[in-house]
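Beneath this line is the structure, given in structure tokens, with notes to follow.
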Amino acid sequence: MDIEQKQTEFIDHFVKQASSLKGSALSSVVTDATSHPSLFAFSEILAVPNVVELEGTEHSVYLDLLRLFAYGTWSDYKSNSSRLPELGSDQALKLKQLTVLTLAETNKVLAYDQLMQELDVTNVRELEDFLINECMYAGIVRGKLDQLRRCFEVQFAAGRDLRPGQLGGMIRTLSNWLTTSDNLLVSIQDKIKWADNMSELDKKHRKDVEDRVEEVKKSLSMKANIDIREHEEIYSEPGGVMDYEEDRSRPKRRRHPIS
């Protein structure tokens, strides 16, 4: 079971909890959800009416915290830490994992220097341990560590919650992709038709050549037959060639000396 499929039961659990609590009681639900080692999607919890009602109340910081885990990164937390509850170690780990997913959304080759800066990691060994133990083993990313080029080549990354307004951009991207695919399909079909036409022309040309060769063969054969018949007629005509035996039987003429 992949990482996206695992989310369903955990999400259902926290949605039910959030639906049954209000106000300050929701702080524990938010803390537990953002600390859970196998939960990486939070939009369904954010959509629970009781959670939405935290907006503008004294407990709205927990709504902001949940939004941070749904859409934000470790850098976002550092920039707004004074307005947010302090994170526990499990929450800090989770937010750094989510930060890697965000970076992988737009770039499939992540430089070590960029990752160390975004994750507050001080050396390559610590970074690689984090990527292997906390990201790849957790199943949220797959990829290859390239120590020579000092980068992480992403082959797969789990998706994060869609940010507000991101759905429209995604729809436009998919629409453009669909249009491009349709145009490519038309181009391929045109090339197939062209190839079929060329194949037919090639077959016709080949047949014309074969027919011409046959005509030449027949012409040469007819000419050869005519030459043979003419040769036979010449040698079969009377007087055309003197018979050797006939020539021997004739009396020889005497030659008279010239005086």
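Lettering and numbering for the structure tokens are positional, with chains as A, B, ... in the shown order, residues counted from 1 in each chain, and ligands counted from 1 in the shown order.
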Apply DSSP to the backbone of this structure and, from region 123-199 of chain A, keep only the residues in helix (DSSP H, G or I); write these as a tab-separated table (two decimals) with all heavy atoms, in the first residue's frame.
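Contents of selection.tsv, freshly written:
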```tsv
chain	number	residue	atom	x	y	z
A	124	VAL	N	26.53	17.23	5.04
A	124	VAL	CA	26.00	16.30	4.05
A	124	VAL	C	25.59	14.98	4.69
A	124	VAL	O	24.56	14.40	4.34
A	124	VAL	CB	27.03	16.06	2.93
A	124	VAL	CG1	26.59	14.92	2.00
A	124	VAL	CG2	27.25	17.34	2.13
A	125	ARG	N	26.38	14.48	5.62
A	125	ARG	CA	26.06	13.20	6.27
A	125	ARG	C	24.71	13.27	6.97
A	125	ARG	O	23.86	12.35	6.84
A	125	ARG	CB	27.16	12.85	7.28
A	125	ARG	CG	26.89	11.58	8.08
A	125	ARG	CD	26.79	10.34	7.17
A	125	ARG	NE	26.49	9.15	7.92
A	125	ARG	CZ	27.42	8.40	8.50
A	125	ARG	NH1	28.72	8.72	8.43
A	125	ARG	NH2	27.09	7.30	9.15
A	126	GLU	N	24.46	14.35	7.68
A	126	GLU	CA	23.18	14.51	8.37
A	126	GLU	C	22.03	14.61	7.36
A	126	GLU	O	20.95	14.04	7.58
A	126	GLU	CB	23.23	15.77	9.24
A	126	GLU	CG	21.97	15.99	10.07
A	126	GLU	CD	22.04	17.27	10.88
A	126	GLU	OE1	23.11	17.93	10.89
A	126	GLU	OE2	21.01	17.61	11.51
A	127	LEU	N	22.27	15.32	6.25
A	127	LEU	CA	21.24	15.46	5.22
A	127	LEU	C	20.91	14.11	4.60
A	127	LEU	O	19.72	13.75	4.45
A	127	LEU	CB	21.72	16.43	4.14
A	127	LEU	CG	20.80	16.55	2.91
A	127	LEU	CD1	19.45	17.13	3.29
A	127	LEU	CD2	21.47	17.40	1.83
A	128	GLU	N	21.93	13.34	4.23
A	128	GLU	CA	21.68	12.05	3.59
A	128	GLU	C	20.99	11.09	4.54
A	128	GLU	O	20.11	10.32	4.13
A	128	GLU	CB	23.00	11.46	3.08
A	128	GLU	CG	23.57	12.23	1.88
A	128	GLU	CD	24.84	11.61	1.33
A	128	GLU	OE1	25.52	10.88	2.08
A	128	GLU	OE2	25.16	11.87	0.16
A	129	ASP	N	21.36	11.11	5.80
A	129	ASP	CA	20.68	10.27	6.80
A	129	ASP	C	19.21	10.64	6.88
A	129	ASP	O	18.33	9.76	6.98
A	129	ASP	CB	21.34	10.42	8.17
A	129	ASP	CG	22.69	9.71	8.24
A	129	ASP	OD1	22.99	8.90	7.34
A	129	ASP	OD2	23.45	9.98	9.20
A	130	PHE	N	18.92	11.94	6.85
A	130	PHE	CA	17.53	12.40	6.92
A	130	PHE	C	16.75	11.93	5.68
A	130	PHE	O	15.62	11.42	5.80
A	130	PHE	CB	17.48	13.93	7.02
A	130	PHE	CG	16.09	14.50	6.93
A	130	PHE	CD1	15.24	14.47	8.02
A	130	PHE	CD2	15.63	15.06	5.73
A	130	PHE	CE1	13.95	14.99	7.93
A	130	PHE	CE2	14.35	15.57	5.65
A	130	PHE	CZ	13.51	15.54	6.75
A	131	LEU	N	17.33	12.10	4.50
A	131	LEU	CA	16.65	11.71	3.27
A	131	LEU	C	16.39	10.20	3.22
A	131	LEU	O	15.31	9.77	2.77
A	131	LEU	CB	17.46	12.14	2.06
A	131	LEU	CG	17.57	13.65	1.82
A	131	LEU	CD1	18.55	13.94	0.69
A	131	LEU	CD2	16.21	14.26	1.50
A	132	ILE	N	17.35	9.43	3.70
A	132	ILE	CA	17.21	7.98	3.67
A	132	ILE	C	16.24	7.49	4.74
A	132	ILE	O	15.25	6.80	4.47
A	132	ILE	CB	18.58	7.29	3.83
A	132	ILE	CG1	19.47	7.57	2.62
A	132	ILE	CG2	18.40	5.78	4.00
A	132	ILE	CD1	20.90	7.13	2.80
A	133	ASN	N	16.50	7.87	5.99
A	133	ASN	CA	15.76	7.31	7.13
A	133	ASN	C	14.38	7.93	7.31
A	133	ASN	O	13.43	7.23	7.68
A	133	ASN	CB	16.56	7.49	8.41
A	133	ASN	CG	17.89	6.76	8.38
A	133	ASN	OD1	18.00	5.69	7.79
A	133	ASN	ND2	18.91	7.33	9.00
A	134	GLU	N	14.24	9.22	7.06
A	134	GLU	CA	12.99	9.91	7.37
A	134	GLU	C	12.11	10.17	6.14
A	134	GLU	O	10.94	10.48	6.30
A	134	GLU	CB	13.28	11.26	8.06
A	134	GLU	CG	14.20	11.17	9.26
A	134	GLU	CD	13.67	10.26	10.37
A	134	GLU	OE1	12.47	9.93	10.35
A	134	GLU	OE2	14.46	9.89	11.25
A	135	CYS	N	12.70	10.05	4.96
A	135	CYS	CA	11.92	10.32	3.74
A	135	CYS	C	11.73	9.06	2.89
A	135	CYS	O	10.60	8.65	2.62
A	135	CYS	CB	12.59	11.42	2.92
A	135	CYS	SG	12.64	13.02	3.75
A	136	MET	N	12.83	8.44	2.47
A	136	MET	CA	12.70	7.26	1.61
A	136	MET	C	12.15	6.06	2.37
A	136	MET	O	11.26	5.37	1.87
A	136	MET	CB	14.04	6.95	0.95
A	136	MET	CG	14.39	7.94	-0.16
A	136	MET	SD	15.77	7.43	-1.23
A	136	MET	CE	17.16	8.00	-0.25
A	166	GLN	N	-4.63	26.94	-6.02
A	166	GLN	CA	-3.75	26.07	-6.81
A	166	GLN	C	-4.55	25.17	-7.75
A	166	GLN	O	-4.04	24.76	-8.80
A	166	GLN	CB	-2.88	25.22	-5.87
A	166	GLN	CG	-1.76	24.46	-6.58
A	166	GLN	CD	-0.89	23.69	-5.59
A	166	GLN	OE1	-1.25	23.54	-4.42
A	166	GLN	NE2	0.24	23.23	-6.07
A	167	LEU	N	-5.80	24.89	-7.38
A	167	LEU	CA	-6.60	23.98	-8.20
A	167	LEU	C	-6.83	24.56	-9.59
A	167	LEU	O	-6.75	23.84	-10.59
A	167	LEU	CB	-7.95	23.72	-7.51
A	167	LEU	CG	-8.90	22.76	-8.24
A	167	LEU	CD1	-8.24	21.41	-8.43
A	167	LEU	CD2	-10.21	22.63	-7.47
A	168	GLY	N	-7.10	25.88	-9.65
A	168	GLY	CA	-7.30	26.50	-10.96
A	168	GLY	C	-6.08	26.38	-11.85
A	168	GLY	O	-6.19	26.08	-13.05
A	169	GLY	N	-4.90	26.60	-11.27
A	169	GLY	CA	-3.66	26.46	-12.03
A	169	GLY	C	-3.45	25.04	-12.50
A	169	GLY	O	-2.98	24.80	-13.63
A	170	MET	N	-3.81	24.09	-11.65
A	170	MET	CA	-3.65	22.68	-12.02
A	170	MET	C	-4.59	22.32	-13.16
A	170	MET	O	-4.22	21.59	-14.10
A	170	MET	CB	-3.92	21.79	-10.81
A	170	MET	CG	-3.70	20.32	-11.06
A	170	MET	SD	-3.85	19.32	-9.57
A	170	MET	CE	-2.36	19.82	-8.70
A	171	ILE	N	-5.83	22.85	-13.09
A	171	ILE	CA	-6.79	22.59	-14.17
A	171	ILE	C	-6.29	23.17	-15.49
A	171	ILE	O	-6.38	22.53	-16.54
A	171	ILE	CB	-8.17	23.17	-13.80
A	171	ILE	CG1	-8.78	22.38	-12.63
A	171	ILE	CG2	-9.11	23.14	-15.02
A	171	ILE	CD1	-10.07	22.97	-12.10
A	172	ARG	N	-5.72	24.38	-15.43
A	172	ARG	CA	-5.18	24.99	-16.65
A	172	ARG	C	-4.02	24.17	-17.22
A	172	ARG	O	-3.90	23.98	-18.43
A	172	ARG	CB	-4.72	26.43	-16.37
A	172	ARG	CG	-5.87	27.42	-16.21
A	172	ARG	CD	-5.35	28.85	-16.21
A	172	ARG	NE	-4.50	29.12	-15.05
A	172	ARG	CZ	-4.96	29.50	-13.87
A	172	ARG	NH1	-6.26	29.65	-13.66
A	172	ARG	NH2	-4.11	29.75	-12.87
A	173	THR	N	-3.17	23.70	-16.30
A	173	THR	CA	-2.04	22.88	-16.74
A	173	THR	C	-2.51	21.60	-17.42
A	173	THR	O	-2.00	21.21	-18.48
A	173	THR	CB	-1.13	22.52	-15.54
A	173	THR	OG1	-0.62	23.73	-14.97
A	173	THR	CG2	0.02	21.64	-15.97
A	174	LEU	N	-3.51	20.95	-16.82
A	174	LEU	CA	-4.05	19.72	-17.39
A	174	LEU	C	-4.75	19.99	-18.72
A	174	LEU	O	-4.67	19.19	-19.66
A	174	LEU	CB	-5.01	19.05	-16.41
A	174	LEU	CG	-4.37	18.47	-15.14
A	174	LEU	CD1	-5.45	17.97	-14.18
A	174	LEU	CD2	-3.42	17.33	-15.49
A	175	SER	N	-5.45	21.14	-18.80
A	175	SER	CA	-6.12	21.50	-20.05
A	175	SER	C	-5.11	21.74	-21.16
A	175	SER	O	-5.30	21.30	-22.30
A	175	SER	CB	-6.97	22.76	-19.85
A	175	SER	OG	-8.00	22.53	-18.91
A	176	ASN	N	-4.01	22.43	-20.83
A	176	ASN	CA	-2.94	22.65	-21.82
A	176	ASN	C	-2.32	21.35	-22.25
A	176	ASN	O	-2.01	21.14	-23.43
A	176	ASN	CB	-1.87	23.59	-21.24
A	176	ASN	CG	-2.38	25.00	-21.03
A	176	ASN	OD1	-3.34	25.42	-21.67
A	176	ASN	ND2	-1.75	25.73	-20.12
A	177	TRP	N	-2.13	20.46	-21.27
A	177	TRP	CA	-1.57	19.14	-21.59
A	177	TRP	C	-2.50	18.37	-22.52
A	177	TRP	O	-2.06	17.72	-23.47
A	177	TRP	CB	-1.34	18.36	-20.30
A	177	TRP	CG	-0.87	16.96	-20.53
A	177	TRP	CD1	0.40	16.53	-20.75
A	177	TRP	CD2	-1.69	15.77	-20.57
A	177	TRP	NE1	0.43	15.15	-20.93
A	177	TRP	CE2	-0.83	14.68	-20.83
A	177	TRP	CE3	-3.06	15.55	-20.42
A	177	TRP	CZ2	-1.31	13.37	-20.92
A	177	TRP	CZ3	-3.54	14.24	-20.52
A	177	TRP	CH2	-2.67	13.18	-20.77
A	178	LEU	N	-3.82	18.46	-22.25
A	178	LEU	CA	-4.79	17.76	-23.08
A	178	LEU	C	-4.78	18.31	-24.51
A	178	LEU	O	-4.81	17.54	-25.48
A	178	LEU	CB	-6.18	17.90	-22.47
A	178	LEU	CG	-7.32	17.16	-23.20
A	178	LEU	CD1	-7.05	15.67	-23.24
A	178	LEU	CD2	-8.65	17.44	-22.50
A	179	THR	N	-4.70	19.64	-24.63
A	179	THR	CA	-4.65	20.26	-25.95
A	179	THR	C	-3.39	19.83	-26.70
A	179	THR	O	-3.45	19.49	-27.90
A	179	THR	CB	-4.67	21.80	-25.82
A	179	THR	OG1	-5.87	22.21	-25.16
A	179	THR	CG2	-4.61	22.45	-27.19
A	180	THR	N	-2.27	19.85	-26.00
A	180	THR	CA	-1.01	19.42	-26.62
A	180	THR	C	-1.08	17.96	-27.05
A	180	THR	O	-0.61	17.60	-28.14
A	180	THR	CB	0.16	19.61	-25.63
A	180	THR	OG1	0.24	20.99	-25.25
A	180	THR	CG2	1.48	19.19	-26.26
A	181	SER	N	-1.70	17.13	-26.21
A	181	SER	CA	-1.83	15.71	-26.54
A	181	SER	C	-2.71	15.50	-27.77
A	181	SER	O	-2.40	14.68	-28.64
A	181	SER	CB	-2.42	14.94	-25.35
A	181	SER	OG	-1.58	15.03	-24.22
A	182	ASP	N	-3.81	16.29	-27.84
A	182	ASP	CA	-4.69	16.19	-29.01
A	182	ASP	C	-3.95	16.59	-30.29
A	182	ASP	O	-4.07	15.93	-31.32
A	182	ASP	CB	-5.92	17.09	-28.82
A	182	ASP	CG	-6.89	16.53	-27.78
A	182	ASP	OD1	-6.80	15.33	-27.48
A	182	ASP	OD2	-7.71	17.31	-27.25
A	183	ASN	N	-3.19	17.68	-30.20
A	183	ASN	CA	-2.42	18.14	-31.37
A	183	ASN	C	-1.38	17.11	-31.78
A	183	ASN	O	-1.15	16.87	-32.97
A	183	ASN	CB	-1.74	19.48	-31.07
A	183	ASN	CG	-2.75	20.61	-30.90
A	183	ASN	OD1	-3.87	20.54	-31.39
A	183	ASN	ND2	-2.34	21.65	-30.20
A	184	LEU	N	-0.75	16.51	-30.78
A	184	LEU	CA	0.25	15.48	-31.07
A	184	LEU	C	-0.39	14.27	-31.72
A	184	LEU	O	0.17	13.69	-32.67
A	184	LEU	CB	0.96	15.08	-29.77
A	184	LEU	CG	2.07	14.02	-29.89
A	184	LEU	CD1	3.17	14.51	-30.81
A	184	LEU	CD2	2.63	13.69	-28.51
A	185	LEU	N	-1.59	13.91	-31.24
A	185	LEU	CA	-2.30	12.77	-31.83
A	185	LEU	C	-2.65	13.03	-33.28
A	185	LEU	O	-2.49	12.15	-34.14
A	185	LEU	CB	-3.57	12.50	-31.01
A	185	LEU	CG	-4.42	11.31	-31.46
A	185	LEU	CD1	-3.61	10.01	-31.40
A	185	LEU	CD2	-5.67	11.19	-30.60
A	186	VAL	N	-3.12	14.25	-33.58
A	186	VAL	CA	-3.44	14.61	-34.97
A	186	VAL	C	-2.19	14.53	-35.83
A	186	VAL	O	-2.22	14.01	-36.96
A	186	VAL	CB	-4.05	16.03	-35.03
A	186	VAL	CG1	-4.16	16.51	-36.48
A	186	VAL	CG2	-5.41	16.06	-34.36
A	187	SER	N	-1.07	15.04	-35.30
A	187	SER	CA	0.19	14.99	-36.04
A	187	SER	C	0.61	13.55	-36.31
A	187	SER	O	1.06	13.22	-37.42
A	187	SER	CB	1.27	15.72	-35.25
A	187	SER	OG	2.52	15.63	-35.90
A	188	ILE	N	0.47	12.69	-35.31
A	188	ILE	CA	0.83	11.28	-35.49
A	188	ILE	C	-0.06	10.63	-36.54
A	188	ILE	O	0.42	9.87	-37.40
A	188	ILE	CB	0.73	10.53	-34.15
A	188	ILE	CG1	1.82	11.01	-33.18
A	188	ILE	CG2	0.84	9.02	-34.35
A	188	ILE	CD1	1.70	10.46	-31.78
A	189	GLN	N	-1.37	10.93	-36.49
A	189	GLN	CA	-2.29	10.36	-37.47
A	189	GLN	C	-1.94	10.83	-38.89
A	189	GLN	O	-2.01	10.04	-39.84
A	189	GLN	CB	-3.72	10.75	-37.12
A	189	GLN	CG	-4.25	10.05	-35.86
A	189	GLN	CD	-5.59	10.58	-35.41
A	189	GLN	OE1	-5.98	11.71	-35.74
A	189	GLN	NE2	-6.32	9.77	-34.66
A	190	ASP	N	-1.57	12.11	-39.02
A	190	ASP	CA	-1.16	12.62	-40.34
A	190	ASP	C	0.09	11.89	-40.85
A	190	ASP	O	0.19	11.58	-42.04
A	190	ASP	CB	-0.89	14.13	-40.26
A	190	ASP	CG	-2.16	14.94	-40.09
A	190	ASP	OD1	-3.25	14.39	-40.37
A	190	ASP	OD2	-2.07	16.11	-39.65
A	191	LYS	N	1.03	11.65	-39.94
A	191	LYS	CA	2.26	10.96	-40.33
A	191	LYS	C	1.96	9.51	-40.74
A	191	LYS	O	2.58	8.96	-41.65
A	191	LYS	CB	3.28	10.99	-39.18
A	191	LYS	CG	3.87	12.38	-38.95
A	191	LYS	CD	4.92	12.35	-37.86
A	191	LYS	CE	5.45	13.73	-37.56
A	191	LYS	NZ	6.11	14.36	-38.72
A	192	ILE	N	0.99	8.90	-40.05
A	192	ILE	CA	0.60	7.52	-40.39
A	192	ILE	C	-0.02	7.49	-41.79
A	192	ILE	O	0.29	6.61	-42.61
A	192	ILE	CB	-0.38	6.96	-39.35
A	192	ILE	CG1	0.34	6.72	-38.01
A	192	ILE	CG2	-1.00	5.65	-39.84
A	192	ILE	CD1	-0.58	6.32	-36.88
A	193	LYS	N	-0.90	8.49	-42.07
A	193	LYS	CA	-1.51	8.57	-43.40
A	193	LYS	C	-0.44	8.78	-44.47
A	193	LYS	O	-0.48	8.16	-45.54
A	193	LYS	CB	-2.52	9.72	-43.44
A	193	LYS	CG	-3.78	9.46	-42.63
A	193	LYS	CD	-4.72	10.65	-42.70
A	193	LYS	CE	-5.96	10.42	-41.84
A	193	LYS	NZ	-6.87	11.61	-41.87
A	194	TRP	N	0.50	9.68	-44.18
A	194	TRP	CA	1.59	9.93	-45.14
A	194	TRP	C	2.39	8.67	-45.38
A	194	TRP	O	2.73	8.34	-46.53
A	194	TRP	CB	2.49	11.04	-44.59
A	194	TRP	CG	3.68	11.32	-45.46
A	194	TRP	CD1	3.73	12.11	-46.56
A	194	TRP	CD2	5.00	10.78	-45.29
A	194	TRP	NE1	4.99	12.11	-47.11
A	194	TRP	CE2	5.80	11.30	-46.35
A	194	TRP	CE3	5.58	9.92	-44.37
A	194	TRP	CZ2	7.14	10.98	-46.49
A	194	TRP	CZ3	6.92	9.60	-44.51
A	194	TRP	CH2	7.68	10.12	-45.56
A	195	ALA	N	2.69	7.93	-44.30
A	195	ALA	CA	3.47	6.69	-44.43
A	195	ALA	C	2.69	5.66	-45.25
A	195	ALA	O	3.27	4.95	-46.09
A	195	ALA	CB	3.81	6.14	-43.05
A	196	ASP	N	1.35	5.58	-45.01
A	196	ASP	CA	0.52	4.65	-45.79
A	196	ASP	C	0.54	5.02	-47.27
A	196	ASP	O	0.65	4.14	-48.14
A	196	ASP	CB	-0.92	4.66	-45.26
A	196	ASP	CG	-1.04	3.99	-43.90
A	196	ASP	OD1	-0.11	3.24	-43.53
A	196	ASP	OD2	-2.04	4.23	-43.20
A	197	ASN	N	0.41	6.33	-47.56
A	197	ASN	CA	0.44	6.78	-48.96
A	197	ASN	C	1.77	6.47	-49.62
A	197	ASN	O	1.82	6.02	-50.77
A	197	ASN	CB	0.16	8.29	-49.03
A	197	ASN	CG	-1.27	8.64	-48.66
A	197	ASN	OD1	-2.17	7.80	-48.79
A	197	ASN	ND2	-1.49	9.86	-48.20
A	198	MET	N	2.87	6.72	-48.88
A	198	MET	CA	4.19	6.43	-49.43
A	198	MET	C	4.36	4.94	-49.66
A	198	MET	O	5.00	4.52	-50.63
A	198	MET	CB	5.27	6.95	-48.47
A	198	MET	CG	5.34	8.46	-48.35
A	198	MET	SD	5.65	9.26	-49.95
A	198	MET	CE	7.29	8.64	-50.32
A	199	SER	N	3.77	4.14	-48.78
A	199	SER	CA	3.86	2.69	-48.94
A	199	SER	C	3.12	2.25	-50.20
A	199	SER	O	3.62	1.40	-50.96
A	199	SER	CB	3.26	1.99	-47.71
A	199	SER	OG	3.27	0.60	-47.86
```
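Residues of region 120-202 of chain A that DSSP, applied to the backbone, places in strand (DSSP E or B): Val141, Arg142, Gly143, Lys144, Leu145, Asp146, Cys151, Phe152, Glu153, Val154, Gln155, Phe156 and Ala157 of chain A.
Of the listed residues A:Glu118, A:Asp146, A:Asp202, A:Asp64, the one whose atoms come nearest to Gln97 (chain A) is A:Glu118, with distances taken using only C-alpha atoms.
Taking CA of Gly23 (chain A) and CA of Gly56 (chain A) as the two end points, the separation is 11.4 Å.
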Please report, as JSON lines, each residue of region 94-169 of chain A lying at most 12 Å from region 5-20 of chain A, together with the nearest pair of atoms and the separation in Å rounded to one decimal; use only C-alpha atoms, and order rows by chain and ascending residue number.
```
{"residue": "A:Ala138", "atom": "CA", "partner": "A:Lys6", "partner_atom": "CA", "distance": 11.5}
{"residue": "A:Gly139", "atom": "CA", "partner": "A:Lys6", "partner_atom": "CA", "distance": 10.5}
{"residue": "A:Ile140", "atom": "CA", "partner": "A:Lys6", "partner_atom": "CA", "distance": 11.0}
{"residue": "A:Ala158", "atom": "CA", "partner": "A:Gln5", "partner_atom": "CA", "distance": 10.6}
{"residue": "A:Gly159", "atom": "CA", "partner": "A:Gln7", "partner_atom": "CA", "distance": 11.4}
{"residue": "A:Arg160", "atom": "CA", "partner": "A:Gln7", "partner_atom": "CA", "distance": 11.5}
{"residue": "A:Asp161", "atom": "CA", "partner": "A:Gln7", "partner_atom": "CA", "distance": 11.9}
```
Please dump the current selection as a tab-separated table (two decimals), in the first residue's frame; keep C-alpha atoms.
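File written: part.tsv
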```tsv
chain	number	residue	atom	x	y	z
A	138	ALA	CA	8.89	6.51	5.23
A	139	GLY	CA	7.75	6.02	1.64
A	140	ILE	CA	7.08	9.69	0.90
A	158	ALA	CA	3.92	12.02	-2.50
A	159	GLY	CA	1.56	14.88	-3.21
A	160	ARG	CA	0.73	17.57	-0.66
A	161	ASP	CA	-2.58	19.34	-0.05
```
Neighbour list for region 84-92 of chain A as an MDAnalysis selection string, cut-off 7 Å, only C-alpha atoms, skip fewer than 2 positions in-chain:
chainID A and resid 34:35 61 65 80:82 94:96
Write out as a PDB file with N, CA and C atoms, in the first residue's frame the residues lying within 12 Å of Leu103 (chain A), counting only C-alpha atoms and excluding same-chain residues fewer than 5 positions away.
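Wrote it out as result.pdb, contents follow:
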```
ATOM      1  N   TYR A  71       0.108  23.416   3.908  1.00  0.00           N
ATOM      2  CA  TYR A  71       0.664  24.099   2.742  1.00  0.00           C
ATOM      3  C   TYR A  71       2.090  24.619   2.916  1.00  0.00           C
ATOM      4  N   GLY A  72       2.567  24.754   4.148  1.00  0.00           N
ATOM      5  CA  GLY A  72       3.808  25.478   4.397  1.00  0.00           C
ATOM      6  C   GLY A  72       5.053  24.614   4.469  1.00  0.00           C
ATOM      7  N   THR A  73       6.168  25.279   4.810  1.00  0.00           N
ATOM      8  CA  THR A  73       7.471  24.627   4.902  1.00  0.00           C
ATOM      9  C   THR A  73       8.165  25.018   6.207  1.00  0.00           C
ATOM     10  N   TRP A  74       9.325  24.435   6.432  1.00  0.00           N
ATOM     11  CA  TRP A  74      10.102  24.749   7.620  1.00  0.00           C
ATOM     12  C   TRP A  74      10.512  26.228   7.623  1.00  0.00           C
ATOM     13  N   SER A  75      10.825  26.769   6.477  1.00  0.00           N
ATOM     14  CA  SER A  75      11.181  28.192   6.382  1.00  0.00           C
ATOM     15  C   SER A  75       9.996  29.081   6.754  1.00  0.00           C
ATOM     16  N   LYS A  96       9.667  19.192   8.234  1.00  0.00           N
ATOM     17  CA  LYS A  96      10.832  19.084   7.354  1.00  0.00           C
ATOM     18  C   LYS A  96      10.586  18.040   6.256  1.00  0.00           C
ATOM     19  N   GLN A  97       9.910  16.966   6.608  1.00  0.00           N
ATOM     20  CA  GLN A  97       9.539  15.983   5.583  1.00  0.00           C
ATOM     21  C   GLN A  97       8.631  16.626   4.523  1.00  0.00           C
ATOM     22  N   LEU A  98       7.659  17.404   4.997  1.00  0.00           N
ATOM     23  CA  LEU A  98       6.744  18.083   4.081  1.00  0.00           C
ATOM     24  C   LEU A  98       7.477  19.112   3.221  1.00  0.00           C
ATOM     25  N   LYS A 108      12.994  18.087  -9.878  1.00  0.00           N
ATOM     26  CA  LYS A 108      13.293  16.670  -9.662  1.00  0.00           C
ATOM     27  C   LYS A 108      14.764  16.418  -9.371  1.00  0.00           C
ATOM     28  N   VAL A 109      15.571  17.464  -9.386  1.00  0.00           N
ATOM     29  CA  VAL A 109      16.964  17.359  -8.966  1.00  0.00           C
ATOM     30  C   VAL A 109      17.187  18.423  -7.894  1.00  0.00           C
ATOM     31  N   LEU A 110      17.333  17.988  -6.636  1.00  0.00           N
ATOM     32  CA  LEU A 110      17.448  18.914  -5.508  1.00  0.00           C
ATOM     33  C   LEU A 110      18.901  18.981  -5.052  1.00  0.00           C
ATOM     34  N   ALA A 111      19.480  20.152  -5.127  1.00  0.00           N
ATOM     35  CA  ALA A 111      20.875  20.332  -4.732  1.00  0.00           C
ATOM     36  C   ALA A 111      21.016  20.190  -3.216  1.00  0.00           C
ATOM     37  N   TYR A 112      22.098  19.570  -2.781  1.00  0.00           N
ATOM     38  CA  TYR A 112      22.347  19.405  -1.344  1.00  0.00           C
ATOM     39  C   TYR A 112      22.383  20.760  -0.631  1.00  0.00           C
ATOM     40  N   GLN A 114      20.843  23.517  -1.325  1.00  0.00           N
ATOM     41  CA  GLN A 114      19.487  24.035  -1.153  1.00  0.00           C
ATOM     42  C   GLN A 114      18.757  23.282  -0.037  1.00  0.00           C
ATOM     43  N   LEU A 115      18.887  21.978  -0.030  1.00  0.00           N
ATOM     44  CA  LEU A 115      18.217  21.169   0.995  1.00  0.00           C
ATOM     45  C   LEU A 115      18.745  21.486   2.395  1.00  0.00           C
ATOM     46  N   GLU A 118      17.233  24.817   3.460  1.00  0.00           N
ATOM     47  CA  GLU A 118      15.798  24.754   3.728  1.00  0.00           C
ATOM     48  C   GLU A 118      15.468  23.935   4.977  1.00  0.00           C
ATOM     49  N   LEU A 119      16.316  22.958   5.306  1.00  0.00           N
ATOM     50  CA  LEU A 119      16.019  22.053   6.418  1.00  0.00           C
ATOM     51  C   LEU A 119      16.843  22.350   7.668  1.00  0.00           C
ATOM     52  N   VAL A 141       9.087   9.681  -0.477  1.00  0.00           N
ATOM     53  CA  VAL A 141       9.866   9.960  -1.682  1.00  0.00           C
ATOM     54  C   VAL A 141      10.681   8.738  -2.058  1.00  0.00           C
ATOM     55  N   PHE A 152      20.101  15.310  -4.866  1.00  0.00           N
ATOM     56  CA  PHE A 152      19.138  14.224  -4.685  1.00  0.00           C
ATOM     57  C   PHE A 152      18.242  14.192  -5.910  1.00  0.00           C
ATOM     58  N   GLU A 153      18.284  13.094  -6.675  1.00  0.00           N
ATOM     59  CA  GLU A 153      17.472  12.946  -7.873  1.00  0.00           C
ATOM     60  C   GLU A 153      16.151  12.285  -7.493  1.00  0.00           C
ATOM     61  N   VAL A 154      15.081  13.030  -7.593  1.00  0.00           N
ATOM     62  CA  VAL A 154      13.759  12.554  -7.163  1.00  0.00           C
ATOM     63  C   VAL A 154      13.107  11.732  -8.272  1.00  0.00           C
ATOM     64  N   ALA A 157       7.536  11.474  -5.512  1.00  0.00           N
ATOM     65  CA  ALA A 157       7.263  12.237  -4.296  1.00  0.00           C
ATOM     66  C   ALA A 157       5.761  12.257  -4.061  1.00  0.00           C
ATOM     67  N   ALA A 158       5.346  11.986  -2.839  1.00  0.00           N
ATOM     68  CA  ALA A 158       3.923  12.024  -2.503  1.00  0.00           C
ATOM     69  C   ALA A 158       3.402  13.453  -2.652  1.00  0.00           C
ATOM     70  N   GLY A 159       2.140  13.565  -3.025  1.00  0.00           N
ATOM     71  CA  GLY A 159       1.556  14.884  -3.209  1.00  0.00           C
ATOM     72  C   GLY A 159       1.121  15.511  -1.891  1.00  0.00           C
ATOM     73  N   ARG A 160       1.194  16.824  -1.836  1.00  0.00           N
ATOM     74  CA  ARG A 160       0.726  17.568  -0.665  1.00  0.00           C
ATOM     75  C   ARG A 160      -0.684  18.113  -0.932  1.00  0.00           C
TER      76      ARG A 160
END
```
Shell of 6 Å around region 39-42 of chain A, only C-alpha atoms, local chain residues under 3 positions omitted, as a short mmCIF file (atom, residue, chain, number, x, y, z; two decimals) with N, CA, C and O atoms, in the first residue's frame:
```cif
data_model
loop_
_atom_site.label_atom_id
_atom_site.label_comp_id
_atom_site.auth_asym_id
_atom_site.auth_seq_id
_atom_site.Cartn_x
_atom_site.Cartn_y
_atom_site.Cartn_z
N HIS A 36 1.57 13.05 13.95
CA HIS A 36 1.41 11.65 13.54
C HIS A 36 2.45 11.29 12.47
O HIS A 36 2.56 11.98 11.45
N ILE A 45 -9.17 17.76 7.36
CA ILE A 45 -9.33 18.23 8.74
C ILE A 45 -9.61 19.73 8.75
O ILE A 45 -10.45 20.22 9.51
N ALA A 70 -0.45 21.93 6.23
CA ALA A 70 -1.12 21.59 4.97
C ALA A 70 -0.37 22.17 3.77
O ALA A 70 -0.23 21.50 2.74
N ASP A 161 -1.28 18.71 0.12
CA ASP A 161 -2.58 19.34 -0.05
C ASP A 161 -2.48 20.49 -1.04
O ASP A 161 -1.47 21.20 -1.08
#
```
